[in-house]
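K.L.:
To be precise about what I am sending: the file is called upload.tsv and holds TSV, N, CA and C atoms.
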chain	number	residue	atom	x	y	z
A	1	MET	N	29.84	-43.98	-27.37
A	1	MET	CA	31.26	-43.97	-27.57
A	1	MET	C	31.96	-43.88	-26.22
A	2	PRO	N	31.93	-44.93	-25.39
A	2	PRO	CA	32.53	-44.85	-24.08
A	2	PRO	C	34.03	-44.63	-24.16
A	3	GLY	N	34.55	-43.89	-23.21
A	3	GLY	CA	35.99	-43.64	-23.17
A	3	GLY	C	36.60	-44.31	-21.97
A	4	HIS	N	37.81	-43.93	-21.65
A	4	HIS	CA	38.47	-44.46	-20.48
A	4	HIS	C	37.84	-43.84	-19.25
A	5	ALA	N	37.57	-44.63	-18.26
A	5	ALA	CA	36.96	-44.12	-17.04
A	5	ALA	C	37.92	-43.17	-16.33
A	6	ILE	N	37.36	-42.18	-15.67
A	6	ILE	CA	38.16	-41.30	-14.84
A	6	ILE	C	38.67	-42.16	-13.69
A	7	LYS	N	39.96	-42.26	-13.57
A	7	LYS	CA	40.57	-43.16	-12.59
A	7	LYS	C	40.67	-42.50	-11.22
A	8	HIS	N	40.12	-43.18	-10.23
A	8	HIS	CA	40.19	-42.67	-8.85
A	8	HIS	C	41.65	-42.54	-8.43
A	9	GLY	N	42.49	-43.52	-8.83
A	9	GLY	CA	43.91	-43.50	-8.46
A	9	GLY	C	44.64	-42.29	-9.00
A	10	GLU	N	44.30	-41.89	-10.24
A	10	GLU	CA	44.93	-40.70	-10.83
A	10	GLU	C	44.58	-39.46	-10.02
A	11	LEU	N	43.35	-39.40	-9.58
A	11	LEU	CA	42.92	-38.24	-8.79
A	11	LEU	C	43.61	-38.23	-7.42
A	12	ARG	N	43.73	-39.41	-6.81
A	12	ARG	CA	44.43	-39.49	-5.52
A	12	ARG	C	45.88	-39.04	-5.65
A	13	LYS	N	46.54	-39.48	-6.74
A	13	LYS	CA	47.94	-39.08	-6.97
A	13	LYS	C	48.06	-37.57	-7.09
A	14	ALA	N	47.02	-36.94	-7.62
A	14	ALA	CA	47.01	-35.49	-7.78
A	14	ALA	C	46.62	-34.78	-6.48
A	15	GLY	N	46.40	-35.55	-5.42
A	15	GLY	CA	46.08	-34.97	-4.12
A	15	GLY	C	44.60	-34.75	-3.88
A	16	VAL	N	43.75	-35.33	-4.70
A	16	VAL	CA	42.30	-35.16	-4.53
A	16	VAL	C	41.77	-36.27	-3.62
A	17	ARG	N	41.09	-35.87	-2.57
A	17	ARG	CA	40.46	-36.83	-1.67
A	17	ARG	C	39.20	-37.37	-2.33
A	18	ILE	N	39.08	-38.68	-2.38
A	18	ILE	CA	37.92	-39.31	-3.02
A	18	ILE	C	36.88	-39.63	-1.94
A	19	THR	N	35.96	-38.71	-1.77
A	19	THR	CA	34.88	-38.90	-0.80
A	19	THR	C	33.80	-39.77	-1.43
A	20	ARG	N	32.85	-40.20	-0.62
A	20	ARG	CA	31.74	-40.99	-1.16
A	20	ARG	C	30.99	-40.21	-2.23
A	21	ALA	N	30.73	-38.93	-1.97
A	21	ALA	CA	30.00	-38.10	-2.93
A	21	ALA	C	30.78	-37.98	-4.24
A	22	ARG	N	32.09	-37.74	-4.14
A	22	ARG	CA	32.90	-37.64	-5.36
A	22	ARG	C	32.94	-38.96	-6.11
A	23	ARG	N	33.01	-40.06	-5.40
A	23	ARG	CA	33.02	-41.37	-6.05
A	23	ARG	C	31.72	-41.58	-6.83
A	24	ILE	N	30.60	-41.20	-6.24
A	24	ILE	CA	29.30	-41.33	-6.91
A	24	ILE	C	29.26	-40.45	-8.16
A	25	ILE	N	29.72	-39.21	-8.05
A	25	ILE	CA	29.73	-38.29	-9.19
A	25	ILE	C	30.65	-38.83	-10.28
A	26	LEU	N	31.81	-39.33	-9.92
A	26	LEU	CA	32.73	-39.91	-10.89
A	26	LEU	C	32.10	-41.11	-11.60
A	27	ASP	N	31.43	-41.95	-10.83
A	27	ASP	CA	30.78	-43.12	-11.43
A	27	ASP	C	29.68	-42.71	-12.40
A	28	ILE	N	28.95	-41.66	-12.08
A	28	ILE	CA	27.91	-41.15	-12.98
A	28	ILE	C	28.55	-40.67	-14.28
A	29	LEU	N	29.63	-39.92	-14.17
A	29	LEU	CA	30.29	-39.38	-15.36
A	29	LEU	C	30.89	-40.47	-16.24
A	30	THR	N	31.40	-41.53	-15.62
A	30	THR	CA	32.04	-42.58	-16.42
A	30	THR	C	31.03	-43.57	-16.99
A	31	SER	N	29.81	-43.53	-16.52
A	31	SER	CA	28.82	-44.50	-17.00
A	31	SER	C	27.76	-43.88	-17.92
A	32	THR	N	27.95	-42.64	-18.30
A	32	THR	CA	26.96	-41.96	-19.13
A	32	THR	C	27.57	-41.46	-20.42
A	33	GLU	N	26.74	-41.35	-21.43
A	33	GLU	CA	27.18	-40.79	-22.71
A	33	GLU	C	26.30	-39.61	-23.13
A	34	ASP	N	25.45	-39.13	-22.23
A	34	ASP	CA	24.49	-38.11	-22.64
A	34	ASP	C	24.90	-36.68	-22.31
A	35	HIS	N	26.16	-36.46	-21.92
A	35	HIS	CA	26.65	-35.11	-21.65
A	35	HIS	C	25.74	-34.39	-20.64
A	36	PRO	N	25.62	-34.93	-19.43
A	36	PRO	CA	24.69	-34.33	-18.47
A	36	PRO	C	25.17	-32.97	-17.96
A	37	ASP	N	24.20	-32.15	-17.57
A	37	ASP	CA	24.54	-30.89	-16.91
A	37	ASP	C	24.60	-31.17	-15.40
A	38	ALA	N	24.98	-30.16	-14.63
A	38	ALA	CA	25.16	-30.36	-13.19
A	38	ALA	C	23.86	-30.80	-12.50
A	39	MET	N	22.72	-30.28	-12.96
A	39	MET	CA	21.45	-30.66	-12.33
A	39	MET	C	21.13	-32.13	-12.60
A	40	LYS	N	21.40	-32.61	-13.82
A	40	LYS	CA	21.16	-34.02	-14.11
A	40	LYS	C	22.09	-34.90	-13.27
A	41	ILE	N	23.34	-34.47	-13.16
A	41	ILE	CA	24.28	-35.23	-12.32
A	41	ILE	C	23.79	-35.24	-10.89
A	42	PHE	N	23.34	-34.10	-10.40
A	42	PHE	CA	22.82	-33.99	-9.03
A	42	PHE	C	21.63	-34.93	-8.82
A	43	HIS	N	20.67	-34.91	-9.75
A	43	HIS	CA	19.48	-35.76	-9.61
A	43	HIS	C	19.86	-37.24	-9.63
A	44	ARG	N	20.80	-37.61	-10.48
A	44	ARG	CA	21.26	-39.01	-10.50
A	44	ARG	C	21.99	-39.36	-9.21
A	45	ALA	N	22.76	-38.41	-8.70
A	45	ALA	CA	23.52	-38.65	-7.47
A	45	ALA	C	22.61	-38.83	-6.26
A	46	ILE	N	21.57	-38.00	-6.13
A	46	ILE	CA	20.72	-38.12	-4.95
A	46	ILE	C	19.83	-39.36	-5.00
A	47	GLU	N	19.70	-39.97	-6.18
A	47	GLU	CA	19.01	-41.27	-6.24
A	47	GLU	C	19.86	-42.34	-5.54
A	48	ILE	N	21.16	-42.14	-5.54
A	48	ILE	CA	22.09	-43.09	-4.91
A	48	ILE	C	22.32	-42.72	-3.46
A	49	ASP	N	22.51	-41.44	-3.19
A	49	ASP	CA	22.77	-40.96	-1.83
A	49	ASP	C	22.09	-39.60	-1.67
A	50	HIS	N	20.98	-39.57	-0.94
A	50	HIS	CA	20.19	-38.34	-0.82
A	50	HIS	C	20.89	-37.22	-0.05
A	51	SER	N	22.03	-37.50	0.56
A	51	SER	CA	22.73	-36.47	1.33
A	51	SER	C	23.67	-35.61	0.47
A	52	ILE	N	23.83	-35.95	-0.81
A	52	ILE	CA	24.73	-35.18	-1.68
A	52	ILE	C	24.08	-33.84	-2.00
A	53	ALA	N	24.86	-32.78	-1.81
A	53	ALA	CA	24.37	-31.42	-2.05
A	53	ALA	C	24.71	-30.97	-3.47
A	54	LEU	N	23.88	-30.10	-4.02
A	54	LEU	CA	24.14	-29.55	-5.34
A	54	LEU	C	25.48	-28.82	-5.36
A	55	SER	N	25.80	-28.14	-4.27
A	55	SER	CA	27.08	-27.43	-4.21
A	55	SER	C	28.26	-28.40	-4.32
A	56	THR	N	28.11	-29.61	-3.80
A	56	THR	CA	29.15	-30.63	-3.93
A	56	THR	C	29.34	-31.01	-5.38
A	57	VAL	N	28.25	-31.13	-6.11
A	57	VAL	CA	28.33	-31.45	-7.55
A	57	VAL	C	29.08	-30.34	-8.27
A	58	TYR	N	28.71	-29.08	-8.03
A	58	TYR	CA	29.38	-27.96	-8.70
A	58	TYR	C	30.86	-27.90	-8.35
A	59	ARG	N	31.20	-28.06	-7.08
A	59	ARG	CA	32.61	-28.02	-6.67
A	59	ARG	C	33.40	-29.16	-7.32
A	60	THR	N	32.79	-30.35	-7.36
A	60	THR	CA	33.46	-31.51	-7.96
A	60	THR	C	33.65	-31.30	-9.45
A	61	MET	N	32.66	-30.77	-10.14
A	61	MET	CA	32.79	-30.54	-11.58
A	61	MET	C	33.89	-29.51	-11.85
A	62	ASN	N	33.95	-28.45	-11.05
A	62	ASN	CA	35.00	-27.45	-11.21
A	62	ASN	C	36.38	-28.05	-10.97
A	63	LEU	N	36.50	-28.87	-9.95
A	63	LEU	CA	37.77	-29.52	-9.64
A	63	LEU	C	38.20	-30.44	-10.78
A	64	LEU	N	37.28	-31.27	-11.26
A	64	LEU	CA	37.60	-32.20	-12.35
A	64	LEU	C	37.97	-31.46	-13.62
A	65	GLU	N	37.31	-30.33	-13.87
A	65	GLU	CA	37.64	-29.54	-15.06
A	65	GLU	C	39.04	-28.93	-14.92
A	66	GLU	N	39.34	-28.38	-13.74
A	66	GLU	CA	40.67	-27.80	-13.50
A	66	GLU	C	41.77	-28.83	-13.68
A	67	MET	N	41.49	-30.08	-13.32
A	67	MET	CA	42.47	-31.16	-13.44
A	67	MET	C	42.56	-31.70	-14.86
A	68	GLY	N	41.64	-31.30	-15.73
A	68	GLY	CA	41.64	-31.79	-17.10
A	68	GLY	C	40.99	-33.15	-17.26
A	69	ALA	N	40.24	-33.59	-16.25
A	69	ALA	CA	39.59	-34.91	-16.30
A	69	ALA	C	38.27	-34.88	-17.06
A	70	ILE	N	37.66	-33.70	-17.16
A	70	ILE	CA	36.40	-33.55	-17.89
A	70	ILE	C	36.45	-32.31	-18.77
A	71	HIS	N	35.58	-32.29	-19.75
A	71	HIS	CA	35.39	-31.11	-20.60
A	71	HIS	C	34.02	-30.53	-20.29
A	72	ARG	N	33.98	-29.21	-20.26
A	72	ARG	CA	32.72	-28.48	-20.08
A	72	ARG	C	32.30	-27.94	-21.45
A	73	HIS	N	31.05	-28.15	-21.80
A	73	HIS	CA	30.52	-27.64	-23.06
A	73	HIS	C	29.30	-26.78	-22.77
A	74	ALA	N	29.16	-25.70	-23.50
A	74	ALA	CA	27.95	-24.87	-23.41
A	74	ALA	C	27.31	-24.93	-24.79
A	75	PHE	N	26.38	-25.84	-24.96
A	75	PHE	CA	25.71	-26.02	-26.23
A	75	PHE	C	24.50	-25.11	-26.33
A	76	ASN	N	24.43	-24.36	-27.42
A	76	ASN	CA	23.26	-23.56	-27.73
A	76	ASN	C	22.87	-22.61	-26.59
A	77	GLY	N	23.86	-22.10	-25.86
A	77	GLY	CA	23.60	-21.16	-24.79
A	77	GLY	C	22.93	-21.76	-23.56
A	78	GLY	N	22.83	-23.07	-23.51
A	78	GLY	CA	22.21	-23.74	-22.37
A	78	GLY	C	23.18	-23.91	-21.21
A	79	PRO	N	22.77	-24.67	-20.21
A	79	PRO	CA	23.66	-24.90	-19.07
A	79	PRO	C	24.88	-25.71	-19.49
A	80	SER	N	25.96	-25.55	-18.77
A	80	SER	CA	27.17	-26.32	-19.05
A	80	SER	C	26.89	-27.80	-18.93
A	81	ARG	N	27.41	-28.55	-19.90
A	81	ARG	CA	27.27	-30.00	-19.89
A	81	ARG	C	28.66	-30.60	-19.91
A	82	PHE	N	28.77	-31.82	-19.41
A	82	PHE	CA	30.08	-32.39	-19.15
A	82	PHE	C	30.28	-33.75	-19.81
A	83	GLU	N	31.55	-34.04	-20.13
A	83	GLU	CA	31.94	-35.35	-20.60
A	83	GLU	C	33.39	-35.59	-20.19
A	84	GLN	N	33.79	-36.85	-20.17
A	84	GLN	CA	35.15	-37.20	-19.83
A	84	GLN	C	36.12	-36.62	-20.84
A	85	ALA	N	37.28	-36.23	-20.36
A	85	ALA	CA	38.29	-35.65	-21.24
A	85	ALA	C	39.12	-36.71	-21.94
A	86	HIS	N	39.25	-37.87	-21.35
A	86	HIS	CA	40.12	-38.91	-21.89
A	86	HIS	C	39.41	-39.71	-22.96
A	87	ARG	N	38.95	-39.02	-23.96
A	87	ARG	CA	38.23	-39.66	-25.05
A	87	ARG	C	38.84	-39.20	-26.36
A	88	GLU	N	38.63	-39.99	-27.38
A	88	GLU	CA	39.09	-39.64	-28.71
A	88	GLU	C	38.39	-38.35	-29.16
A	89	HIS	N	39.13	-37.51	-29.90
A	89	HIS	CA	38.54	-36.25	-30.39
A	89	HIS	C	37.28	-36.56	-31.22
A	90	HIS	N	36.26	-35.75	-31.02
A	90	HIS	CA	35.02	-35.90	-31.77
A	90	HIS	C	34.29	-34.57	-31.77
A	91	ASP	N	33.29	-34.48	-32.60
A	91	ASP	CA	32.46	-33.29	-32.67
A	91	ASP	C	31.06	-33.62	-32.17
A	92	HIS	N	30.25	-32.61	-32.01
A	92	HIS	CA	28.89	-32.78	-31.49
A	92	HIS	C	27.87	-32.12	-32.41
A	93	LEU	N	26.77	-32.80	-32.61
A	93	LEU	CA	25.57	-32.20	-33.21
A	93	LEU	C	24.56	-32.11	-32.08
A	94	ILE	N	23.88	-30.99	-31.98
A	94	ILE	CA	22.89	-30.82	-30.92
A	94	ILE	C	21.52	-30.65	-31.56
A	95	ASP	N	20.62	-31.53	-31.20
A	95	ASP	CA	19.24	-31.44	-31.67
A	95	ASP	C	18.57	-30.35	-30.83
A	96	ILE	N	18.26	-29.23	-31.44
A	96	ILE	CA	17.73	-28.10	-30.67
A	96	ILE	C	16.30	-28.32	-30.20
A	97	ASP	N	15.60	-29.30	-30.76
A	97	ASP	CA	14.26	-29.60	-30.29
A	97	ASP	C	14.27	-30.49	-29.05
A	98	THR	N	15.17	-31.48	-29.03
A	98	THR	CA	15.20	-32.44	-27.92
A	98	THR	C	16.37	-32.22	-26.98
A	99	ASP	N	17.32	-31.37	-27.35
A	99	ASP	CA	18.53	-31.12	-26.58
A	99	ASP	C	19.47	-32.33	-26.57
A	100	ALA	N	19.23	-33.30	-27.44
A	100	ALA	CA	20.09	-34.48	-27.52
A	100	ALA	C	21.43	-34.09	-28.13
A	101	VAL	N	22.50	-34.71	-27.64
A	101	VAL	CA	23.84	-34.48	-28.15
A	101	VAL	C	24.27	-35.73	-28.90
A	102	ILE	N	24.60	-35.55	-30.16
A	102	ILE	CA	25.02	-36.67	-31.00
A	102	ILE	C	26.50	-36.48	-31.32
A	103	GLU	N	27.32	-37.46	-30.94
A	103	GLU	CA	28.75	-37.38	-31.20
A	103	GLU	C	29.05	-37.97	-32.58
A	104	PHE	N	30.02	-37.36	-33.26
A	104	PHE	CA	30.45	-37.91	-34.54
A	104	PHE	C	31.89	-37.49	-34.81
A	105	LYS	N	32.52	-38.18	-35.72
A	105	LYS	CA	33.85	-37.83	-36.18
A	105	LYS	C	33.89	-38.03	-37.68
A	106	LEU	N	34.35	-37.01	-38.39
A	106	LEU	CA	34.45	-37.08	-39.84
A	106	LEU	C	35.81	-36.52	-40.26
A	107	ASP	N	36.64	-37.38	-40.82
A	107	ASP	CA	37.99	-36.97	-41.22
A	107	ASP	C	37.98	-35.80	-42.19
A	108	LYS	N	36.98	-35.72	-43.08
A	108	LYS	CA	36.90	-34.61	-44.03
A	108	LYS	C	36.85	-33.26	-43.31
A	109	ILE	N	36.06	-33.20	-42.24
A	109	ILE	CA	35.94	-31.96	-41.47
A	109	ILE	C	37.27	-31.61	-40.83
A	110	GLU	N	37.92	-32.60	-40.23
A	110	GLU	CA	39.20	-32.36	-39.57
A	110	GLU	C	40.25	-31.86	-40.56
A	111	LYS	N	40.33	-32.50	-41.71
A	111	LYS	CA	41.30	-32.11	-42.73
A	111	LYS	C	41.02	-30.72	-43.27
A	112	LEU	N	39.76	-30.39	-43.48
A	112	LEU	CA	39.40	-29.07	-43.99
A	112	LEU	C	39.76	-27.99	-42.97
A	113	GLN	N	39.48	-28.23	-41.71
A	113	GLN	CA	39.84	-27.25	-40.67
A	113	GLN	C	41.35	-27.03	-40.64
A	114	GLU	N	42.11	-28.12	-40.71
A	114	GLU	CA	43.58	-28.02	-40.72
A	114	GLU	C	44.05	-27.22	-41.94
A	115	GLU	N	43.47	-27.51	-43.10
A	115	GLU	CA	43.85	-26.84	-44.34
A	115	GLU	C	43.56	-25.34	-44.25
A	116	ILE	N	42.40	-24.99	-43.73
A	116	ILE	CA	42.03	-23.57	-43.60
A	116	ILE	C	42.98	-22.87	-42.63
A	117	ALA	N	43.24	-23.49	-41.48
A	117	ALA	CA	44.13	-22.88	-40.50
A	117	ALA	C	45.53	-22.70	-41.08
A	118	ARG	N	46.04	-23.74	-41.74
A	118	ARG	CA	47.38	-23.68	-42.32
A	118	ARG	C	47.46	-22.59	-43.38
A	119	SER	N	46.43	-22.47	-44.23
A	119	SER	CA	46.45	-21.45	-45.29
A	119	SER	C	46.43	-20.04	-44.72
A	120	LEU	N	45.91	-19.89	-43.51
A	120	LEU	CA	45.87	-18.58	-42.86
A	120	LEU	C	47.06	-18.37	-41.91
A	121	GLY	N	47.93	-19.39	-41.84
A	121	GLY	CA	49.12	-19.27	-41.00
A	121	GLY	C	48.91	-19.62	-39.54
A	122	TYR	N	47.92	-20.45	-39.24
A	122	TYR	CA	47.62	-20.82	-37.86
A	122	TYR	C	47.77	-22.32	-37.63
A	123	ASP	N	47.98	-22.68	-36.39
A	123	ASP	CA	47.89	-24.07	-35.93
A	123	ASP	C	46.67	-24.15	-35.05
A	124	ILE	N	45.85	-25.17	-35.23
A	124	ILE	CA	44.66	-25.32	-34.40
A	124	ILE	C	45.04	-25.86	-33.04
A	125	VAL	N	44.67	-25.12	-32.01
A	125	VAL	CA	44.87	-25.54	-30.63
A	125	VAL	C	43.54	-26.04	-30.08
A	126	HIS	N	42.49	-25.32	-30.40
A	126	HIS	CA	41.13	-25.65	-29.98
A	126	HIS	C	40.20	-25.06	-31.03
A	127	HIS	N	39.11	-25.73	-31.31
A	127	HIS	CA	38.18	-25.17	-32.27
A	127	HIS	C	36.74	-25.40	-31.84
A	128	ARG	N	35.90	-24.53	-32.34
A	128	ARG	CA	34.48	-24.62	-32.08
A	128	ARG	C	33.76	-24.06	-33.30
A	129	LEU	N	32.90	-24.82	-33.87
A	129	LEU	CA	32.13	-24.38	-35.03
A	129	LEU	C	30.66	-24.53	-34.68
A	130	GLU	N	29.93	-23.45	-34.81
A	130	GLU	CA	28.50	-23.50	-34.50
A	130	GLU	C	27.71	-23.00	-35.68
A	131	GLN	N	26.62	-23.66	-35.92
A	131	GLN	CA	25.68	-23.18	-36.92
A	131	GLN	C	24.29	-23.53	-36.40
A	132	LEU	N	23.48	-22.56	-36.29
A	132	LEU	CA	22.11	-22.79	-35.86
A	132	LEU	C	21.20	-22.60	-37.06
A	133	SER	N	20.31	-23.53	-37.23
A	133	SER	CA	19.31	-23.38	-38.29
A	133	SER	C	17.96	-23.77	-37.72
A	134	PHE	N	16.98	-23.06	-38.10
A	134	PHE	CA	15.65	-23.29	-37.56
A	134	PHE	C	14.70	-23.62	-38.67
Can you turn what I pasted into structure tokens?

P.N.:
Amino acid sequence: MPGHAIKHGELRKAGVRITRARRIILDILTSTEDHPDAMKIFHRAIEIDHSIALSTVYRTMNLLEEMGAIHRHAFNGGPSRFEQAHREHHDHLIDIDTDAVIEFKLDKIEKLQEEIARSLGYDIVHHRLEQLSF
């Protein structure tokens, strides 16, 4: 489910300097759908440019998150994983055996959440539903 690419121009307008390392990290994020963690991003980045440091990946991910360009997810208590923010709302299923992330959208779930929130006098701003079964 590819989304809109993180635009280098948008980041420049926000005052972010687009270094070679940041460009590589941005390209990795816009070309993947597997919700990589920082280590996976780092390993993919050093295949392109071996001079990229892990600390650069972490700083870039923090910056992009602060700007709202990416979302950070902590699935099943594992390391933070990332995806572009400029995507249509969706939910995630996580295969706990393979750590695979499966995206889906089901209107029934969205409507039920809205109905429950409304009946309790709330508006949904952000939601997270987890269920682990073994």

K.L.:
Find the residues near Tyr58 (chain A): any atom within 10 Å, counting only C-alpha atoms, skip ones fewer than 6 places away on the same chain, and give them as number ranges by chain.

P.N.:
A: 37-39, 41-42, 64

K.L.:
Taking only N, CA and C atoms into account, name the residue in A:Arg72, A:Lys13, A:Arg44, A:Arg118 that is nearest to Ile28 (chain A).

P.N.:
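So, comparing all the options, the nearest one is A:Arg44.
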
K.L.:
Could you state the separation of CA of Lys40 (chain A) and CA of Arg22 (chain A) in Å, given to one decimal place?

P.N.:
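CA of Arg22 (chain A) lies 15.1 Å from CA of Lys40 (chain A).
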
K.L.:
Mind giving me the straight-line distance from atom N of Ile18 (chain A) to CA of Thr60 (chain A) in Å, one decimal?

P.N.:
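So the answer is 10.7 Å.
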
K.L.:
May I ask which of the residues A:Met61, A:Ile109, A:Val16, A:Ile70 is the closest one to Gln84 (chain A), counting only N, CA and C atoms?

P.N.:
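Under the stated criterion, the closest residue is A:Ile70.
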
K.L.:
Quick one, how far is atom N of Lys105 (chain A) from atom N of His127 (chain A)?

P.N.:
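So the answer is 14.8 Å.
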
K.L.:
Show me the residues close to (43.1, -36.5, -11.7) - anything with an atom within 9 Å, counting only C-alpha atoms - and format the list as number ranges by chain.

P.N.:
A: 6-16, 64, 67-69

K.L.:
According to DSSP computed on the backbone, where in region 13-132 of chain A is there strand (DSSP E)? Give the residues as JSON, numbers by chain.

P.N.:
{"A": [70, 71, 72, 73, 81, 82, 83, 84, 91, 92, 93, 94, 101, 102, 103, 104]}

K.L.:
Just want the 10 Å neighbourhood of Ser80 (chain A), counted on only C-alpha atoms, with same-chain residues fewer than 2 positions away dropped. Output as a PDB file with N, CA and C atoms, keeping the file's coordinate frame.

P.N.:
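After the write, out-v8.pdb holds the following:
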ATOM      1  N   HIS A  35      26.160 -36.460 -21.920  1.00  0.00           N
ATOM      2  CA  HIS A  35      26.650 -35.110 -21.650  1.00  0.00           C
ATOM      3  C   HIS A  35      25.740 -34.390 -20.640  1.00  0.00           C
ATOM      4  N   PRO A  36      25.620 -34.930 -19.430  1.00  0.00           N
ATOM      5  CA  PRO A  36      24.690 -34.330 -18.470  1.00  0.00           C
ATOM      6  C   PRO A  36      25.170 -32.970 -17.960  1.00  0.00           C
ATOM      7  N   ASP A  37      24.200 -32.150 -17.570  1.00  0.00           N
ATOM      8  CA  ASP A  37      24.540 -30.890 -16.910  1.00  0.00           C
ATOM      9  C   ASP A  37      24.600 -31.170 -15.400  1.00  0.00           C
ATOM     10  N   ALA A  38      24.980 -30.160 -14.630  1.00  0.00           N
ATOM     11  CA  ALA A  38      25.160 -30.360 -13.190  1.00  0.00           C
ATOM     12  C   ALA A  38      23.860 -30.800 -12.500  1.00  0.00           C
ATOM     13  N   MET A  39      22.720 -30.280 -12.960  1.00  0.00           N
ATOM     14  CA  MET A  39      21.450 -30.660 -12.330  1.00  0.00           C
ATOM     15  C   MET A  39      21.130 -32.130 -12.600  1.00  0.00           C
ATOM     16  N   HIS A  71      35.580 -32.290 -19.750  1.00  0.00           N
ATOM     17  CA  HIS A  71      35.390 -31.110 -20.600  1.00  0.00           C
ATOM     18  C   HIS A  71      34.020 -30.530 -20.290  1.00  0.00           C
ATOM     19  N   ARG A  72      33.980 -29.210 -20.260  1.00  0.00           N
ATOM     20  CA  ARG A  72      32.720 -28.480 -20.080  1.00  0.00           C
ATOM     21  C   ARG A  72      32.300 -27.940 -21.450  1.00  0.00           C
ATOM     22  N   HIS A  73      31.050 -28.150 -21.800  1.00  0.00           N
ATOM     23  CA  HIS A  73      30.520 -27.640 -23.060  1.00  0.00           C
ATOM     24  C   HIS A  73      29.300 -26.780 -22.770  1.00  0.00           C
ATOM     25  N   ALA A  74      29.160 -25.700 -23.500  1.00  0.00           N
ATOM     26  CA  ALA A  74      27.950 -24.870 -23.410  1.00  0.00           C
ATOM     27  C   ALA A  74      27.310 -24.930 -24.790  1.00  0.00           C
ATOM     28  N   PHE A  75      26.380 -25.840 -24.960  1.00  0.00           N
ATOM     29  CA  PHE A  75      25.710 -26.020 -26.230  1.00  0.00           C
ATOM     30  C   PHE A  75      24.500 -25.110 -26.330  1.00  0.00           C
ATOM     31  N   ASN A  76      24.430 -24.360 -27.420  1.00  0.00           N
ATOM     32  CA  ASN A  76      23.260 -23.560 -27.730  1.00  0.00           C
ATOM     33  C   ASN A  76      22.870 -22.610 -26.590  1.00  0.00           C
ATOM     34  N   GLY A  77      23.860 -22.100 -25.860  1.00  0.00           N
ATOM     35  CA  GLY A  77      23.600 -21.160 -24.790  1.00  0.00           C
ATOM     36  C   GLY A  77      22.930 -21.760 -23.560  1.00  0.00           C
ATOM     37  N   GLY A  78      22.830 -23.070 -23.510  1.00  0.00           N
ATOM     38  CA  GLY A  78      22.210 -23.740 -22.370  1.00  0.00           C
ATOM     39  C   GLY A  78      23.180 -23.910 -21.210  1.00  0.00           C
ATOM     40  N   PHE A  82      28.770 -31.820 -19.410  1.00  0.00           N
ATOM     41  CA  PHE A  82      30.080 -32.390 -19.150  1.00  0.00           C
ATOM     42  C   PHE A  82      30.280 -33.750 -19.810  1.00  0.00           C
TER      43      PHE A  82
END
